[in-house]
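> File name input-v9.txt; file contents compact mmCIF, C-alpha atoms; full text below.
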# COMPACT_ATOMS: atom_id res chain seq x y z
CA MET A 41 -8.07 -2.39 24.49
CA GLU A 42 -5.73 -0.92 27.06
CA ARG A 43 -5.46 2.82 26.39
CA SER A 44 -2.06 3.22 28.07
CA LEU A 45 -0.60 0.59 25.72
CA VAL A 46 -2.07 2.41 22.74
CA GLU A 47 -0.59 5.71 23.93
CA GLN A 48 2.83 4.17 24.48
CA ALA A 49 2.79 2.43 21.10
CA LYS A 50 1.71 5.68 19.51
CA GLN A 51 4.84 7.28 20.95
CA GLY A 52 6.98 4.63 19.25
CA ASP A 53 7.26 2.09 22.08
CA ARG A 54 7.72 -1.22 20.23
CA GLU A 55 7.42 -3.28 23.41
CA ALA A 56 4.03 -1.76 24.15
CA PHE A 57 2.97 -2.44 20.58
CA THR A 58 4.08 -6.06 20.88
CA ARG A 59 1.83 -6.49 23.92
CA LEU A 60 -0.99 -4.75 22.10
CA ALA A 61 -0.52 -6.98 19.06
CA PHE A 62 -0.81 -10.15 21.14
CA GLU A 63 -3.81 -8.73 22.95
CA LEU A 64 -5.64 -7.98 19.71
CA SER A 65 -4.51 -10.66 17.31
CA ASP A 66 -7.04 -13.41 18.15
CA HIS A 67 -9.93 -11.04 17.79
CA LEU A 68 -8.65 -9.47 14.56
CA PHE A 69 -7.86 -12.85 13.07
CA ALA A 70 -11.30 -14.22 13.91
CA VAL A 71 -13.04 -11.31 12.18
CA ALA A 72 -10.75 -11.52 9.13
CA HIS A 73 -11.32 -15.27 8.93
CA ARG A 74 -15.05 -14.87 8.85
CA ILE A 75 -14.93 -12.19 6.18
CA LEU A 76 -12.33 -13.80 3.93
CA ARG A 77 -13.31 -17.46 4.48
CA ASP A 78 -9.68 -18.50 4.16
CA PHE A 79 -7.21 -19.29 6.94
CA ASP A 80 -4.01 -18.08 5.24
CA ALA A 81 -5.68 -15.02 3.76
CA ALA A 82 -6.91 -14.09 7.24
CA GLY A 83 -3.36 -14.54 8.54
CA ASP A 84 -1.99 -12.29 5.81
CA ALA A 85 -4.64 -9.69 6.55
CA LEU A 86 -3.75 -9.85 10.24
CA GLN A 87 -0.06 -9.27 9.47
CA VAL A 88 -0.80 -6.30 7.25
CA THR A 89 -3.18 -4.90 9.86
CA LEU A 90 -0.64 -5.06 12.67
CA LEU A 91 2.03 -3.49 10.50
CA ARG A 92 -0.23 -0.66 9.35
CA MET A 93 -1.43 -0.10 12.89
CA TRP A 94 2.15 0.32 14.07
CA ARG A 95 3.05 2.58 11.19
CA ASP A 96 -0.06 4.76 11.33
CA LEU A 97 -0.70 4.92 15.09
CA PRO A 98 0.87 8.40 15.34
CA THR A 99 -1.86 9.64 12.98
CA LEU A 100 -4.63 8.45 15.34
CA ARG A 101 -5.84 11.65 16.99
CA ASP A 102 -8.43 10.33 19.41
CA THR A 103 -7.29 7.29 21.36
CA ASP A 104 -10.86 6.76 22.55
CA ARG A 105 -11.78 5.80 18.99
CA VAL A 106 -9.03 3.25 18.64
CA GLU A 107 -11.45 0.29 18.33
CA ALA A 108 -13.26 1.74 15.31
CA TRP A 109 -9.92 2.79 13.82
CA THR A 110 -8.50 -0.70 14.30
CA TYR A 111 -11.51 -2.22 12.57
CA ARG A 112 -11.01 0.16 9.65
CA VAL A 113 -7.38 -0.85 9.31
CA LEU A 114 -8.38 -4.52 9.45
CA LEU A 115 -11.19 -4.13 6.92
CA ARG A 116 -8.90 -2.32 4.52
CA ALA A 117 -6.40 -5.16 4.80
CA CYS A 118 -9.19 -7.70 4.23
CA HIS A 119 -10.38 -5.75 1.20
CA ASP A 120 -6.86 -5.67 -0.25
CA GLU A 121 -6.51 -9.40 0.42
CA LEU A 122 -9.80 -10.18 -1.28
CA ARG A 123 -8.80 -8.14 -4.32
CA ARG A 124 -5.44 -9.87 -4.44
CA GLN A 125 -7.16 -13.25 -4.29
CA SER A 126 -9.58 -12.32 -7.06
CA LYS A 127 -6.61 -11.37 -9.25
CA LEU A 128 -4.99 -14.72 -8.55
CA GLY A 129 -8.16 -16.56 -9.49
CA PRO A 130 -10.95 -18.22 -7.63
CA ALA A 131 -9.12 -20.05 -4.85
CA LEU A 132 -12.19 -21.74 -3.46
CA GLN A 133 -10.65 -23.32 -0.43
CA LEU A 134 -13.66 -24.23 1.66
CA LEU A 135 -13.26 -23.88 5.39
CA GLU A 136 -12.99 -26.97 7.44
CA TRP A 137 -16.07 -27.08 9.58
CA ASP A 138 -15.27 -30.10 11.72
CA GLU A 139 -16.90 -28.55 14.74
CA ALA A 140 -19.89 -27.53 12.74
CA THR A 141 -20.99 -31.05 12.07
CA ASP A 142 -21.54 -31.41 15.81
CA ASP A 143 -24.18 -28.73 15.67
CA PRO A 144 -27.45 -30.37 14.72
CA ALA A 145 -29.08 -26.99 14.22
CA ILE A 146 -27.22 -26.42 11.00
CA ALA A 147 -27.13 -29.21 8.52
CA VAL A 148 -23.95 -29.83 6.56
CA ALA A 149 -25.76 -29.05 3.33
CA ASN A 150 -26.81 -25.75 4.81
CA HIS A 151 -23.17 -24.94 5.63
CA ASP A 152 -22.10 -25.47 2.06
CA GLU A 153 -24.95 -23.37 0.76
CA LEU A 154 -24.14 -20.59 3.22
CA GLU A 155 -20.47 -20.81 2.33
CA ARG A 156 -21.13 -20.51 -1.39
CA ALA A 157 -23.70 -17.77 -0.93
CA PHE A 158 -21.51 -15.76 1.42
CA ARG A 159 -18.57 -15.95 -0.97
CA ARG A 160 -20.73 -14.44 -3.67
CA LEU A 161 -21.54 -11.38 -1.56
CA PRO A 162 -19.74 -8.10 -2.22
CA PHE A 163 -17.12 -7.21 0.37
CA GLU A 164 -19.22 -4.42 1.93
CA GLN A 165 -22.10 -6.81 2.59
CA ARG A 166 -19.83 -9.48 4.09
CA VAL A 167 -18.47 -6.87 6.47
CA VAL A 168 -21.83 -5.69 7.81
CA LEU A 169 -22.99 -9.27 8.35
CA VAL A 170 -19.85 -10.16 10.32
CA LEU A 171 -19.92 -6.99 12.40
CA GLU A 172 -23.63 -7.39 13.15
CA TYR A 173 -24.02 -11.13 13.65
CA TYR A 174 -20.55 -12.15 14.78
CA ARG A 175 -19.28 -9.10 16.65
CA ASP A 176 -22.75 -7.95 17.76
CA LEU A 177 -21.94 -4.32 17.06
CA THR A 178 -24.90 -1.95 17.02
CA LEU A 179 -25.88 -0.12 13.84
CA PRO A 180 -24.35 3.18 15.05
CA GLU A 181 -21.14 1.35 15.95
CA ILE A 182 -20.96 -0.25 12.51
CA ALA A 183 -21.68 3.13 10.94
CA GLU A 184 -18.78 4.63 12.90
CA VAL A 185 -16.43 1.86 11.83
CA LEU A 186 -17.39 2.14 8.18
CA GLN A 187 -17.81 5.93 8.31
CA VAL A 188 -21.13 5.73 6.50
CA PRO A 189 -24.64 6.80 7.57
CA ILE A 190 -26.69 4.35 9.64
CA GLY A 191 -29.18 4.10 6.77
CA THR A 192 -26.43 2.78 4.53
CA VAL A 193 -25.54 0.11 7.08
CA ARG A 194 -29.20 -0.88 7.35
CA SER A 195 -29.57 -1.09 3.61
CA ARG A 196 -26.38 -3.15 3.20
CA LEU A 197 -27.64 -5.55 5.85
CA HIS A 198 -30.99 -5.83 4.14
CA TYR A 199 -29.50 -6.58 0.72
CA ALA A 200 -26.92 -8.95 2.17
CA LYS A 201 -29.54 -11.05 3.94
CA ARG A 202 -31.80 -10.99 0.91
CA ALA A 203 -28.94 -12.13 -1.32
CA LEU A 204 -28.03 -14.90 1.13
CA ARG A 205 -31.62 -16.11 1.35
CA SER A 206 -32.03 -16.11 -2.42
CA ALA A 207 -28.75 -17.90 -2.95
CA ILE A 208 -29.51 -20.56 -0.36
CA GLU A 209 -32.96 -21.11 -1.79
CA ALA A 210 -31.56 -21.28 -5.32
CA ASP A 211 -28.91 -23.78 -4.23
CA ALA A 212 -31.48 -25.86 -2.43
CA ARG A 213 -33.78 -25.95 -5.47
CA PRO A 214 -33.09 -28.95 -7.72
CA THR A 215 -31.88 -28.01 -11.17
CA ALA A 216 -33.84 -29.06 -14.24
CA HIS A 217 -31.19 -31.62 -15.01
CA GLU A 218 -31.33 -33.10 -11.52
CA GLY A 219 -35.10 -33.06 -11.69
CA HIS A 220 -35.07 -34.99 -14.92
CA LEU A 221 -32.79 -37.64 -13.48
CA ALA A 222 -34.95 -37.90 -10.43
CA MET B 1099 -39.96 -18.60 13.07
CA ASN B 1100 -40.11 -16.14 10.20
CA ARG B 1101 -37.56 -16.17 7.41
CA GLU B 1102 -35.81 -13.01 8.62
CA ALA B 1103 -35.20 -14.36 12.11
CA ASP B 1104 -34.29 -17.70 10.62
CA ILE B 1105 -31.48 -16.34 8.47
CA GLU B 1106 -30.19 -14.20 11.35
CA GLN B 1107 -30.06 -17.15 13.71
CA THR B 1108 -28.43 -19.33 11.08
CA LEU B 1109 -25.80 -16.66 10.48
CA ARG B 1110 -25.03 -16.28 14.18
CA ARG B 1111 -24.54 -20.02 14.59
CA TRP B 1112 -22.53 -20.24 11.41
CA PHE B 1113 -20.21 -17.42 12.48
CA ASP B 1114 -19.74 -19.04 15.88
CA HIS B 1115 -17.88 -21.84 14.19
CA GLY B 1116 -14.54 -20.76 12.88
CA ALA B 1117 -11.00 -19.96 13.91
CA ASP B 1118 -10.79 -17.92 17.08
CA GLN B 1119 -7.06 -18.02 17.72
CA ALA B 1120 -4.49 -16.32 15.55
CA PRO B 1121 -1.57 -18.65 14.82
CA GLU B 1122 1.47 -17.15 16.51
CA ARG B 1123 3.55 -17.33 13.32
CA PHE B 1124 1.41 -14.59 11.74
CA VAL B 1125 1.80 -12.32 14.76
CA ARG B 1126 5.56 -12.99 14.99
CA ALA B 1127 6.00 -12.26 11.27
CA ALA B 1128 4.11 -8.99 11.66
CA LEU B 1129 6.22 -7.99 14.66
CA GLU B 1130 9.42 -8.74 12.74
CA SER B 1131 8.24 -6.32 10.06
CA VAL B 1132 7.37 -3.80 12.74
CA GLU B 1133 11.00 -3.94 13.93
CA ARG B 1134 12.10 -2.78 10.46
CA THR B 1135 9.38 -0.19 9.97
CA ALA B 1136 9.40 3.43 11.01
CA GLN B 1137 6.19 5.03 12.20
CA ARG B 1138 4.48 7.62 10.05
CA GLY B 1139 5.61 11.11 10.78
CA SER B 1140 9.13 10.20 11.77
CA GLY B 1141 10.34 10.47 8.17
CA ARG B 1142 8.07 13.19 6.89
CA MET B 1143 9.16 16.07 9.06
CA PRO B 1144 12.86 16.10 8.21
CA LEU B 1145 12.10 15.99 4.48
CA GLU B 1146 9.49 18.69 4.73
CA GLY B 1147 11.88 20.67 6.87
CA PHE B 1148 14.49 20.28 4.20
CA LEU B 1149 12.11 21.59 1.56
CA MET B 1150 11.06 24.49 3.76
CA LYS B 1151 14.72 25.42 4.01
CA LEU B 1152 15.03 25.24 0.25
CA LYS B 1153 12.25 27.76 -0.36
CA PRO B 1154 13.86 30.73 1.44
CA ALA B 1155 17.09 29.87 -0.37
CA ALA B 1156 15.43 30.12 -3.77
CA PRO B 1157 15.95 33.92 -4.24
CA PHE B 1158 19.64 33.50 -3.45
CA LEU B 1159 19.90 30.67 -5.94
CA GLY B 1160 18.26 32.98 -8.49
CA VAL B 1161 20.82 35.71 -7.77
CA ALA B 1162 23.63 33.15 -8.08
CA ALA B 1163 22.23 32.00 -11.43
CA ILE B 1164 22.13 35.59 -12.71
CA LEU B 1165 25.75 36.13 -11.61
CA VAL B 1166 26.78 32.96 -13.44
CA LEU B 1167 24.97 34.18 -16.57
CA ILE B 1168 26.64 37.62 -16.38
CA PHE B 1169 30.03 36.00 -15.91
CA GLY B 1170 29.39 33.64 -18.83
CA ALA B 1171 28.25 36.50 -21.07
CA TYR B 1172 31.33 38.52 -20.12
CA GLN B 1173 33.63 35.61 -20.99
CA LEU B 1174 31.86 35.10 -24.32
CA PHE B 1175 31.96 38.81 -25.10
CA ALA B 1176 35.58 39.16 -24.04
CA GLY B 1177 36.59 36.08 -25.99
CA ALA B 1178 34.97 37.34 -29.17
CA ASN B 1179 36.45 40.81 -29.04
CA PHE B 1180 39.62 40.95 -27.04
CA GLY B 1181 41.42 37.68 -27.23
CA GLU B 1182 41.88 34.32 -28.88
CA PRO B 1183 38.68 32.35 -29.53
CA GLN B 1184 37.93 30.17 -26.49
CA PRO B 1185 36.85 26.55 -26.90
CA THR B 1186 33.11 26.22 -26.47
CA THR B 1187 32.06 24.53 -23.26
CA THR B 1188 29.52 21.72 -23.09
CA PRO B 1189 27.20 21.23 -20.09
CA GLN B 1190 28.93 19.29 -17.35
CA ALA B 1191 28.11 15.62 -17.74
CA PHE B 1192 27.33 13.47 -14.73
CA THR B 1193 29.70 10.61 -13.91
CA PRO B 1194 29.22 7.30 -12.07
CA ALA B 1195 30.68 8.93 -8.96
CA ASP B 1196 27.68 11.29 -8.87
CA LEU B 1197 25.06 8.56 -8.55
CA PRO B 1198 25.58 7.80 -4.82
CA ASN B 1199 25.33 11.52 -4.09
CA ILE B 1200 22.05 11.95 -5.97
CA VAL B 1201 20.11 8.78 -5.18
CA VAL B 1202 18.95 8.49 -1.56
CA THR B 1203 21.41 6.09 0.05
CA GLU B 1204 22.23 5.11 3.63
CA ALA B 1205 25.02 7.66 3.60
CA ASN B 1206 22.85 10.61 2.63
CA ALA B 1207 19.27 9.68 3.59
CA PRO B 1208 17.35 12.35 5.50
CA SER B 1209 16.67 11.30 9.07
CA GLY B 1210 13.67 9.01 9.39
CA ILE B 1211 14.05 7.58 5.89
CA ILE B 1212 15.05 3.95 6.13
CA VAL B 1213 17.14 2.57 3.28
CA ASP B 1214 16.34 -1.13 3.10
CA LYS B 1215 18.15 -2.21 -0.03
CA THR B 1216 20.64 -0.85 -2.55
CA THR B 1217 20.97 -2.26 -6.05
CA ALA B 1218 23.65 -1.11 -8.46
CA HIS B 1219 24.84 -1.31 -12.07
CA ARG B 1220 22.84 -3.39 -14.57
CA ARG B 1221 20.96 -5.15 -11.78
CA ALA B 1222 19.44 -1.79 -10.83
CA ILE B 1223 17.73 -1.66 -14.21
CA ARG B 1224 16.85 -5.32 -14.29
CA ALA B 1225 15.33 -5.07 -10.79
CA SER B 1226 13.34 -1.95 -11.51
CA LEU B 1227 12.16 -2.53 -15.05
CA GLY B 1228 12.41 -6.27 -15.57
CA PRO B 1229 14.84 -8.39 -17.60
CA GLY B 1230 13.21 -7.47 -20.92
CA SER B 1231 13.63 -3.73 -20.50
CA THR B 1232 14.91 -1.90 -23.56
CA LEU B 1233 17.09 0.25 -21.33
CA LEU B 1234 19.48 -2.67 -20.92
CA ASP B 1235 20.08 -2.61 -24.66
CA GLN B 1236 20.75 1.14 -24.83
CA PRO B 1237 24.19 1.66 -26.36
CA GLY B 1238 25.01 4.60 -24.10
CA PHE B 1239 24.15 2.99 -20.77
CA VAL B 1240 26.92 3.46 -18.23
CA ASP B 1241 25.68 2.76 -14.71
CA ALA B 1242 22.61 2.74 -12.48
CA LEU B 1243 21.78 2.86 -8.80
CA MET B 1244 18.51 2.10 -7.03
CA THR B 1245 17.45 2.13 -3.37
CA ASP B 1246 14.34 0.73 -1.69
CA LEU B 1247 13.09 2.94 1.12
CA ASN B 1248 10.64 2.55 4.01
CA THR B 1249 9.73 -0.95 2.86
CA THR B 1250 6.74 -2.65 4.45
CA GLU B 1251 4.84 -5.78 3.47
CA VAL B 1252 2.47 -3.60 1.52
CA GLY B 1253 4.52 -0.90 -0.11
CA LYS B 1254 7.70 1.11 -0.41
CA GLU B 1255 9.35 4.08 -2.03
CA ILE B 1256 12.18 3.76 -4.55
CA THR B 1257 14.79 6.24 -5.73
CA TRP B 1258 16.55 5.38 -8.94
CA SER B 1259 18.99 6.86 -11.41
CA ALA B 1260 20.59 5.61 -14.63
CA LEU B 1261 23.62 7.22 -16.23
CA PHE B 1262 24.30 7.44 -19.97
CA THR B 1263 27.37 8.47 -21.92
CA ASP B 1264 25.81 11.71 -23.08
CA ALA B 1265 22.55 13.65 -23.17
CA PRO B 1266 21.36 12.29 -26.57
CA ALA B 1267 21.73 8.72 -25.29
CA ALA B 1268 19.81 9.62 -22.13
CA GLU B 1269 17.15 11.36 -24.26
CA GLN B 1270 16.73 8.22 -26.31
CA ALA B 1271 16.49 6.09 -23.15
CA TYR B 1272 14.00 8.51 -21.62
CA GLY B 1273 11.79 8.27 -24.72
CA ASP B 1274 11.99 4.49 -24.72
CA LEU B 1275 11.18 4.33 -21.02
CA VAL B 1276 8.20 6.65 -21.39
CA ALA B 1277 6.89 4.42 -24.20
CA GLU B 1278 7.53 1.31 -22.10
CA LEU B 1279 5.68 2.65 -19.07
CA ALA B 1280 2.86 4.02 -21.21
CA GLY B 1281 1.98 0.40 -21.97
CA GLU B 1282 1.20 -0.21 -18.30
CA GLY B 1283 -2.08 1.71 -18.64
CA LEU B 1284 -1.19 4.28 -15.99
CA THR B 1285 -2.70 7.74 -15.71
CA HIS B 1286 -0.26 10.22 -17.13
CA SER B 1287 0.15 13.83 -16.06
CA ASP B 1288 2.80 16.50 -16.42
CA GLY B 1289 3.45 16.66 -12.69
CA PRO B 1290 6.13 18.97 -11.33
CA ARG B 1291 8.76 20.27 -13.70
CA LEU B 1292 11.98 18.41 -12.95
CA GLY B 1293 15.22 18.47 -14.94
CA ASP B 1294 15.16 18.91 -18.72
CA GLU B 1295 12.02 16.82 -19.28
CA SER B 1296 9.76 15.07 -16.83
CA VAL B 1297 6.61 13.02 -16.54
CA MET B 1298 4.44 11.64 -13.77
CA TRP B 1299 2.25 8.53 -13.69
CA SER B 1300 -0.14 7.09 -11.19
CA GLY B 1301 -2.44 4.11 -11.00
CA THR B 1302 -2.46 0.34 -10.70
CA ALA B 1303 0.68 -1.35 -11.98
CA PHE B 1304 3.53 -3.72 -11.19
CA GLY B 1305 1.20 -5.81 -9.02
CA PHE B 1306 0.32 -2.88 -6.75
CA ASP B 1307 -3.07 -1.22 -6.44
CA ARG B 1308 -1.54 2.20 -6.11
CA THR B 1309 1.65 3.49 -7.66
CA THR B 1310 3.15 6.93 -8.27
CA THR B 1311 6.13 7.52 -10.53
CA TYR B 1312 8.13 10.70 -11.13
CA LEU B 1313 10.53 10.21 -14.01
CA TRP B 1314 12.80 12.90 -15.38
CA ARG B 1315 15.96 13.50 -17.34
CA ASP B 1316 18.75 15.87 -16.44
CA GLY B 1317 21.48 15.94 -19.09
CA ASN B 1318 22.90 12.45 -19.39
CA LEU B 1319 21.06 11.22 -16.31
CA LEU B 1320 17.64 9.59 -15.90
CA LEU B 1321 16.07 9.84 -12.47
CA ALA B 1322 12.97 8.41 -10.86
CA ALA B 1323 11.16 8.43 -7.54
CA VAL B 1324 8.59 5.66 -7.37
CA GLY B 1325 5.96 4.85 -4.76
CA LEU B 1326 4.58 1.32 -4.81
CA GLY B 1327 1.50 0.18 -2.92
CA ASP B 1328 1.07 1.80 0.45
CA HIS B 1329 3.37 4.81 0.15
CA ASN B 1330 3.27 8.39 1.35
CA PRO B 1331 2.74 10.74 -1.66
CA SER B 1332 4.14 13.80 0.10
CA VAL B 1333 7.30 11.92 1.12
CA LEU B 1334 7.67 10.64 -2.45
CA ARG B 1335 7.34 14.13 -3.88
CA ALA B 1336 9.87 15.40 -1.36
CA LEU B 1337 12.28 12.63 -2.39
CA ALA B 1338 11.92 13.62 -6.04
CA ASP B 1339 12.58 17.26 -5.18
CA LEU B 1340 15.56 16.28 -3.05
CA MET B 1341 17.12 14.30 -5.91
CA ALA B 1342 16.44 17.12 -8.36
CA PHE B 1343 18.10 19.54 -5.95
CA ARG B 1344 21.15 17.31 -5.71
CA THR B 1345 21.66 17.36 -9.48
CA ARG B 1346 22.02 21.17 -9.49
Reformat the file's structure so that it appears as structure tokens.

Amino acid sequence: MERSLVEQAKQGDREAFTRLAFELSDHLFAVAHRILRDFDAAGDALQVTLLRMWRDLPTLRDTDRVEAWTYRVLLRACHDELRRQSKLGPALQLLEWDEATDDPAIAVANHDELERAFRRLPFEQRVVLVLEYYRDLTLPEIAEVLQVPIGTVRSRLHYAKRALRSAIEADARPTAHEGHLA
Amino acid sequence: MNREADIEQTLRRWFDHGADQAPERFVRAALESVERTAQRGSGRMPLEGFLMKLKPAAPFLGVAAILVLIFGAYQLFAGANFGEPQPTTTPQAFTPADLPNIVVTEANAPSGIIVDKTTAHRRAIRASLGPGSTLLDQPGFVDALMTDLNTTEVGKEITWSALFTDAPAAEQAYGDLVAELAGEGLTHSDGPRLGDESVMWSGTAFGFDRTTTYLWRDGNLLLAAVGLGDHNPSVLRALADLMAFRTR
């Protein structure tokens, strides 16, 4: 992220913020999309993030920490979006994984299981998985973003992966009813 | 491959598939909102500055109040002993013309406060409390004015006032409104003392995760400063104090 743009936007330069917004939006949207599992929800979270960034930039003291700060703003917007969705009801709009079917390493069935299992994870666990395995942030970097100790990040990762594994295995196991029919 | 490495690899591949480009419409919509939104800090200082100015003035206001009391006592004393009985005076009632001078409007907003919308008369009650509000049925209702301030996609501040024919009608409306808002399950506290009677609520309501409401009555006037969603509590408090100051 270009520091001079951040500084200018912080001083109220809307043109600089516009450039910053276009520079960041793909990245922010991609992270939101993977956490929220919903295209429109990710778009809404992106909008809220950009607006809050603009509004709150003057409160950012250390421009060198702008990446972690930006992630925090995004994650808060994603959290709000997820809560809003849960109030509206379970809008289980599965992602379209057209490209995914080209990848022989992951079977379609596995995608659905992962999708269902991931959606059942608490927000905090979704976040650490995305930051670790999508963004490739280190544990200290994730800890800085989330403002929690590294041990907490490690433990969230552990429980998230365990929950995913259990859920996938449970989904893959035939139910008693299916077994009877078979 | 062990199960741990297996799930990690699966996750990496799974995350690799997904949207990587933000549709421009979302970015454009955000930037349109940015055009209408002030940055934090630009609105806070003038209000805080205003309140700082109020504090040194407080002793002088106290002296002025004492002088008014002495003058009033003299008139009462003089009337009872040296002249014809004077008609008793009632507290000055607010009129519809006072509302635009009390509520934060475009004409009187402190610098940095952006007035996005003004709603007046019965619509100001319908918009703020909903069509079923009992306030609309109050016999003494005269007028109302409401303004939306610093609006973003995720929150705003509101200043609001409703005028009644006399203090008893406003008292009745205040009681009804307190009962109505109590049903929202908000956390109630006394908050700052404003006007003749006041109350403060906070919590999740009206579709927002975070709300703060200052409601008070001053004579025949009901007043409120409300923060919905992402709002600045210190700015909201300053707005309430500003309105209370304007009713003096």
> Of the candidates A:Asp176, A:Glu155, A:Asp66, A:Asp80, which one gets nearest to Trp1112 (chain B) if we count only C-alpha atoms?
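Answer, going by the shortest atom-to-atom distance: A:Glu155.
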> Would you mind listing, as a ChimeraX atom specification, all residues of chain B that have at least one atom within 9 Å of chain A, where only C-alpha atoms are what counts?
/B:1101-1102,1105-1129,1131-1133,1135-1139,1250-1252,1307
> For a test of reading the model, state the distance in Å between CA of Arg196 (chain A) and CA of Ala157 (chain A), rounded to one decimal.
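The value is 15.4 Å.
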> Mind pulling up the distance from CA of Trp1258 (chain B) to CA of Gly1273 (chain B)?
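For CA of Gly1273 (chain B) relative to CA of Trp1258 (chain B), the distance reads 16.7 Å.
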> Taking into account all atoms listed in the file, which residue in the set A:Arg105, A:Arg166, A:Arg59, A:Arg160 is nearest to Glu184 (chain A)?
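Using all atoms listed in the file, the shortest distance to Glu184 (chain A) belongs to A:Arg105.
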> Could you name the residues that touch Val1297 (chain B) at 12 Å or less, counting all atoms listed in the file, but leaving out those on the same chain fewer than 4 positions away, as a list in words?
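So the residues in contact are Tyr1272, Gly1273, Leu1275, Val1276, Ala1277, Leu1279, Ala1280, Leu1284, Thr1285, His1286, Ser1287, Asp1288, Gly1289, Pro1290, Arg1291, Leu1292, Gly1293, Thr1310, Thr1311, Tyr1312, Leu1313, Trp1314, Arg1315, Leu1320, Leu1321, Ala1322, Ala1323, Val1324 and Ala1338 of chain B.
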> Of the residues B:Ile1256, B:Met1244, B:Ala1265, B:Ala1103, which is the one nearest to Asn1199 (chain B), using only C-alpha atoms?
B:Met1244
> I'd like the interatomic distance between CA of Asp1241 (chain B) and CA of Gly1317 (chain B), to a tenth of an Å.
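Separation between CA of Asp1241 (chain B) and CA of Gly1317 (chain B): 14.5 Å.
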